[in-house]
Amino acid sequence: MQPIDAADYHDLVHVADPQLSPDGERVAYVRKVAEDDESYAATIYVVPTAGGEPRQFTVAEGVDSQPRWSPDGSYLAFVSTRGADDDRPQLWILPTDGGEAQQVTEVAGGVTGIEWSPDGSRIVFTQAVTAEDRDEGRDFSVDADYEPESPDPRVIDRLVYRSMQQYYDGKRSHVYVLDVEAALAATDATGPDEPSRADALVRLTDGDADYVGPGWGDAETVYYASKEDHEEPDDAVTFDIYEHPVGSPDDGADADAADPEVFTQTTGWGGMIEATSDGLVAFPRVPEDRMSMRQVDIVVHDRETGDEVVPTEPLDRTLGFGGFEWGPDEERLFFATPDDGSVVVHSVPGDASDPPEPIYDQGVTVEGVSIGEESIAVAQSEWSHPGDVFVADRDGGEPRRLTTVNESYLSSRAVAEPEELRYENDGVDLQGWLLLPPADVEPADDQADESDTDAAVRIGDEPYPLVVEIHGGPHTQWTTSGTMWHEFQTLAASGYAVFWSNPRGSTGYGEDHAMGIYRDWGDVTLSDVLAGADLVCERPEVDETEQFVTGGSFGGYMTAWTVGSTDRFTAAVSQRGVYDLTGFYGSTDGAFKLVEYDFGTTPWEEPEFLWEHSPTSLVPEVDTPTLLIHSDRDYRTPANTAELFYVGLKKHRVDTRLVRYPREGHELSRSGEPAHVVDRIERIRRWFDGYSEHFDDPPALERDPNDGLSAGEGDEDENDDTEDDE
């Protein structure tokens with residue numbers, strides 16, 4: 001068997017967003033592969049729930065996303081960048097009984113958050129556009145070659161003026177409704193007097209505010225949320241929830257004539273609305289006190305009575321990825337939560353008459369859920385594979401695997417199985433995992449004569465040096481799979497033991513566990529992580545004299561805090577971290593709220609306290625060789641604090657290097673350009689190799705900056721052997 005390597009990322013297939021057809025007989029999903037060093041191809045596939053070969057449903061051009069069946073299953077709507085010279089996704093509709101997809105929007109802001117009306121006549125969505133776009137009608141129709149001008153100079157008036165990896169530049173999110181029949185008719189129009197795509201659109205909202213999370217109730221009612229009425233919306237966490245009557249499709253352009261009504265409020269990070277046809281409106285809510293550490297619950301508001309219940313209240317778990325949805329009978333809600341190192345799907349009556357109950361608890365990482373009349377479809381990853389589509393009966397039974405998208409790749413690779421560890425620290429029960437290098441690994445034929453960069457020749461030399469990985473968030477959890485599957489397996493295949501854990505602050509173990517790091521990110525987390533590392537180092541397979549540490553985002557903060565607090569580690573790699581809390585507070589996007597909630601203060605109230613809890617304050621204590629990795633467009637954890645930490649290390653003569661990735665944002669490790677994803681993992685491995693006695697490699701600082709790196713040499717996707725069926 002061949003070892004897993006960083007460059008294998010080019011060969012891996014990823015699945016996402018499974019969607020059960022209304023009759024429960026098919027699942028649509030997104031299949032994503034690296035197209036080249038800089039881009040991905042994401043295509044929609046459909047697989048029968050009874051079993052059978054998946055079928056490619058859309059052409060392999062651009063990036064497709066958000067597949068959504070019409071209520072009667074006759075159409076599949078999706079969003080795609082195909083045919084565009086930029087990354088503005090447009091809405092497309094594909095007949096499911098045969099025929100080609102038709103583009104039904106040509107809007108300047110791009111389309112996101114699509115949802116069919118219950119009668120299948122309309123689709124609601126949002127797009128982010130400027131006031132000028134709205135005034136000029138570019139939010140209804142724009143030429144394909146339209147290019148917005150970049151601000152010069154960029155004038156900023158908002159408190160939060162950028163996010164993740166882009167500036168807002170005056171754009172606001174607004175809600176639109178598309179008449180499907182009119183839009184499809186417009187695609188066949190040829191004359192100037194015939195209907196256009198713009199004629200099929202109605203804008204429901206306007207003004208200098210963001211309107212988010214739209215969802216249908218009955219076929220004539222749309223719900224959405226906004227912070228419009230707050231003096232400083234970007235600083236507010238209270239959302240008004242609107243009911244907007246839109247009439248029948250026959251009303252045409254008058255569909256937005258009725259005035260929207262604010263009928264309740266919620267607090268949280270974002271608005272998501274899921275409503276029933278008889279007026280039960282579900283939305284998330286988080287208590288404002290220490291909000292970032294609290295559990296996200298689902299609230300159900302009855303429009304007829306005005307009563308509200310919280311059906312998730314008995315469950316001491318926070319709402320996970322993807323939100324929630326009503327089942328087809330509109331009586332029960334379905335949602336996923338992080339739970340004890342895995343993800344569990346729950347069901348609960350919308351009237352809160354019974355507590356939530358797990359309906360899918362397989363001890364795996366669930367990354368997408370769709371609920372049918374009798375079945376549930378999920379995208380899940382496990383230690384043995386990075387992700388596939390499964391289906392299961394809602395009332396129990398073993399799930400059935402519908403896809404094996406990486407079968408040809410995995411059949412020739414040695415995948416190591418992690419061992420779960422349970423341990424205690426400061427009276428708190430903790431969970432972690434240890435991954436040892438796989439056994440019986442042989443180099444591939446084309447690697448047999450390679451030098452010390454060949455991962456395969458490393459296997460078998462025991463004990464193994466240890467890599468301690470620390471997760472980001474801080475309020476998230478790690479599992480045995482998910483987005484870290486490839487990195488962990490690559491490090492293990494390279495001859496390292498890998499340990500990771502969910503210390504206090506993590507989700508999945510209850511609210512008290514998440515709040516355990518209030519006003520103390522560093523020492524509490526470090527104590528929990530080192531307790532697990534101590535347990536691992538008792539193993540004869542692990543070389544306790546050589547330990548390395550890495551992590552990203554909050555994990556980058558913790559890596560820097562670790563090397564400033566202990567000389568235990570031989571070398572470190574800190575990625576996209578926060579190194580100065582005051583600098584982070586003033587340069588991040590809305591994540592400055594993490595400082596306010598997790599530390600209960602601001603730079604003006606306790607500047608010295610925040611400095612003492614910033615890794616840069618510990619720079620004089622650092623001796624550990626530390627590589628810093630950051631992205632140029634990371635506006636979640638901007639690079640300015642990494643630059644401060646880097647200069648501090650250089651001034652104190654610590655072995656260090658700062659690697660910056662152009663065009664990348666905070667999601668580099670998860671969705672960055674394929675060549676950058678590979679390069680990042682290889683640089684981590686090379687940095688550790690250079691300070692390890694187990695390998696003969698010199699330190700990275702003594703080598704050419706790109707010596708021994710193979711990013712950009714990925715092979716074509718060996719699993720992509722399916723024909724285009726659109």
# chains A, B, ... in the order shown; residues from 1 in each chain; ligands from 1

call {"tool": "select_by_dssp", "arguments": {"residues": "range 126-291 of chain A", "states": "helix (DSSP H, G or I)", "output": "PyMOL selection string"}}
result
chain A and resi 131-136+180-187+198-200+233-235+249-256+291

call {"tool": "write_last_selection", "arguments": {"atoms": "C-alpha atoms", "output": "compact mmCIF listing (two decimals), in the first residue's frame"}}
result
# COMPACT_ATOMS: atom_id res chain seq x y z
CA ALA A 131 -27.28 51.13 -3.70
CA GLU A 132 -26.04 52.15 -7.16
CA ASP A 133 -26.63 48.60 -8.42
CA ARG A 134 -30.20 48.82 -7.20
CA ASP A 135 -30.73 52.30 -8.63
CA GLU A 136 -29.39 51.20 -12.03
CA VAL A 180 -40.08 30.39 -12.27
CA GLU A 181 -42.49 30.16 -15.18
CA ALA A 182 -41.74 33.71 -16.30
CA ALA A 183 -37.99 33.17 -15.94
CA LEU A 184 -38.03 29.99 -18.01
CA ALA A 185 -40.13 31.69 -20.68
CA ALA A 186 -37.63 34.55 -20.81
CA THR A 187 -34.77 32.17 -21.59
CA ALA A 198 -35.43 40.91 -15.13
CA ASP A 199 -39.22 40.86 -15.55
CA ALA A 200 -39.36 37.64 -13.55
CA PRO A 233 -26.34 47.28 13.07
CA ASP A 234 -22.83 45.87 12.73
CA ASP A 235 -22.44 46.03 16.51
CA PRO A 249 -47.65 34.55 -8.70
CA ASP A 250 -50.42 36.11 -10.76
CA ASP A 251 -49.78 39.40 -8.95
CA GLY A 252 -46.51 39.72 -10.91
CA ALA A 253 -44.62 42.93 -10.16
CA ASP A 254 -47.11 43.80 -7.38
CA ALA A 255 -46.03 40.80 -5.35
CA ASP A 256 -44.04 43.01 -2.97
CA MET A 291 -22.89 34.74 23.61

call {"tool": "residues_around", "arguments": {"residues": "Thr337 in chain A", "least_positions_apart": "3", "cutoff": "6 Å", "atoms": "only C-alpha atoms", "output": "ChimeraX atom specification"}}
result
/A:318-320,343-344

call {"tool": "select_by_dssp", "arguments": {"residues": "range 71-319 of chain A", "states": "strand (DSSP E)", "output": "ChimeraX atom specification"}}
result
/A:75-80,90-95,102-103,112-116,122-129,162-163,166-167,172-179,201-203,211-216,221-226,238-245,261-267,274-275,280-285,297-302,308-309

call {"tool": "residues_around", "arguments": {"residues": "range 499-514 of chain A", "least_positions_apart": "5", "cutoff": "9 Å", "atoms": "only C-alpha atoms", "output": "PDB file with C-alpha atoms, in the first residue's frame"}}
result
ATOM      1  CA  MET A 293     -19.769  30.431  24.525  1.00  0.00           C
ATOM      2  CA  ARG A 294     -23.479  29.687  24.803  1.00  0.00           C
ATOM      3  CA  GLN A 295     -25.571  26.973  23.189  1.00  0.00           C
ATOM      4  CA  LEU A 315     -30.582  19.237  25.035  1.00  0.00           C
ATOM      5  CA  ASP A 316     -27.276  20.567  26.361  1.00  0.00           C
ATOM      6  CA  ARG A 317     -25.771  20.758  22.896  1.00  0.00           C
ATOM      7  CA  THR A 318     -25.428  23.635  20.460  1.00  0.00           C
ATOM      8  CA  THR A 337     -25.250  19.001  16.852  1.00  0.00           C
ATOM      9  CA  PRO A 338     -21.577  18.438  17.664  1.00  0.00           C
ATOM     10  CA  ASP A 339     -21.606  15.686  20.266  1.00  0.00           C
ATOM     11  CA  ASP A 340     -18.740  13.950  22.039  1.00  0.00           C
ATOM     12  CA  GLY A 341     -16.351  14.033  19.108  1.00  0.00           C
ATOM     13  CA  SER A 342     -18.931  13.249  16.433  1.00  0.00           C
ATOM     14  CA  VAL A 343     -22.049  14.821  14.910  1.00  0.00           C
ATOM     15  CA  LEU A 421      -8.442   8.409  24.365  1.00  0.00           C
ATOM     16  CA  VAL A 428     -12.845  17.622  33.758  1.00  0.00           C
ATOM     17  CA  LEU A 430     -11.713  15.090  28.133  1.00  0.00           C
ATOM     18  CA  GLN A 431     -11.566  13.306  24.803  1.00  0.00           C
ATOM     19  CA  GLY A 432      -8.711  12.993  22.345  1.00  0.00           C
ATOM     20  CA  TRP A 433      -7.287  10.708  19.668  1.00  0.00           C
ATOM     21  CA  LEU A 434      -3.927   9.241  18.757  1.00  0.00           C
ATOM     22  CA  LEU A 435      -3.042   8.388  15.164  1.00  0.00           C
ATOM     23  CA  LEU A 436       0.057   6.260  14.612  1.00  0.00           C
ATOM     24  CA  LEU A 466       4.719  13.372  18.189  1.00  0.00           C
ATOM     25  CA  VAL A 467       2.729  16.153  16.514  1.00  0.00           C
ATOM     26  CA  VAL A 468       0.171  17.822  18.779  1.00  0.00           C
ATOM     27  CA  GLU A 469      -2.615  19.508  16.788  1.00  0.00           C
ATOM     28  CA  ILE A 470      -4.839  22.193  18.413  1.00  0.00           C
ATOM     29  CA  HIS A 471      -8.171  23.100  16.847  1.00  0.00           C
ATOM     30  CA  GLY A 473     -12.688  28.240  17.056  1.00  0.00           C
ATOM     31  CA  PRO A 474     -12.185  28.105  19.965  1.00  0.00           C
ATOM     32  CA  HIS A 475     -15.811  26.972  20.159  1.00  0.00           C
ATOM     33  CA  THR A 476     -15.830  24.042  17.771  1.00  0.00           C
ATOM     34  CA  GLN A 477     -14.844  20.389  17.971  1.00  0.00           C
ATOM     35  CA  TRP A 478     -12.580  17.952  16.227  1.00  0.00           C
ATOM     36  CA  THR A 479     -13.527  14.411  15.260  1.00  0.00           C
ATOM     37  CA  PHE A 488      -3.616  14.088   9.920  1.00  0.00           C
ATOM     38  CA  TRP A 521      -7.927  31.146  26.429  1.00  0.00           C
ATOM     39  CA  VAL A 524      -6.735  26.513  30.565  1.00  0.00           C
ATOM     40  CA  THR A 525      -6.574  25.151  27.012  1.00  0.00           C
ATOM     41  CA  LEU A 526      -2.851  24.450  27.271  1.00  0.00           C
ATOM     42  CA  SER A 527      -3.353  22.533  30.509  1.00  0.00           C
ATOM     43  CA  ASP A 528      -5.953  20.277  28.859  1.00  0.00           C
ATOM     44  CA  VAL A 529      -3.892  19.741  25.717  1.00  0.00           C
ATOM     45  CA  GLY A 532      -3.517  14.550  26.799  1.00  0.00           C
ATOM     46  CA  ALA A 533      -0.014  14.799  25.354  1.00  0.00           C
ATOM     47  CA  VAL A 536       0.220   9.837  24.831  1.00  0.00           C
TER      48      VAL A 536
END

call {"tool": "closest_residue", "arguments": {"among": "A:Val222, A:Ala639, A:Val160, A:Val310", "to": "Ala236 in chain A", "atoms": "only C-alpha atoms"}}
result
A:Val160
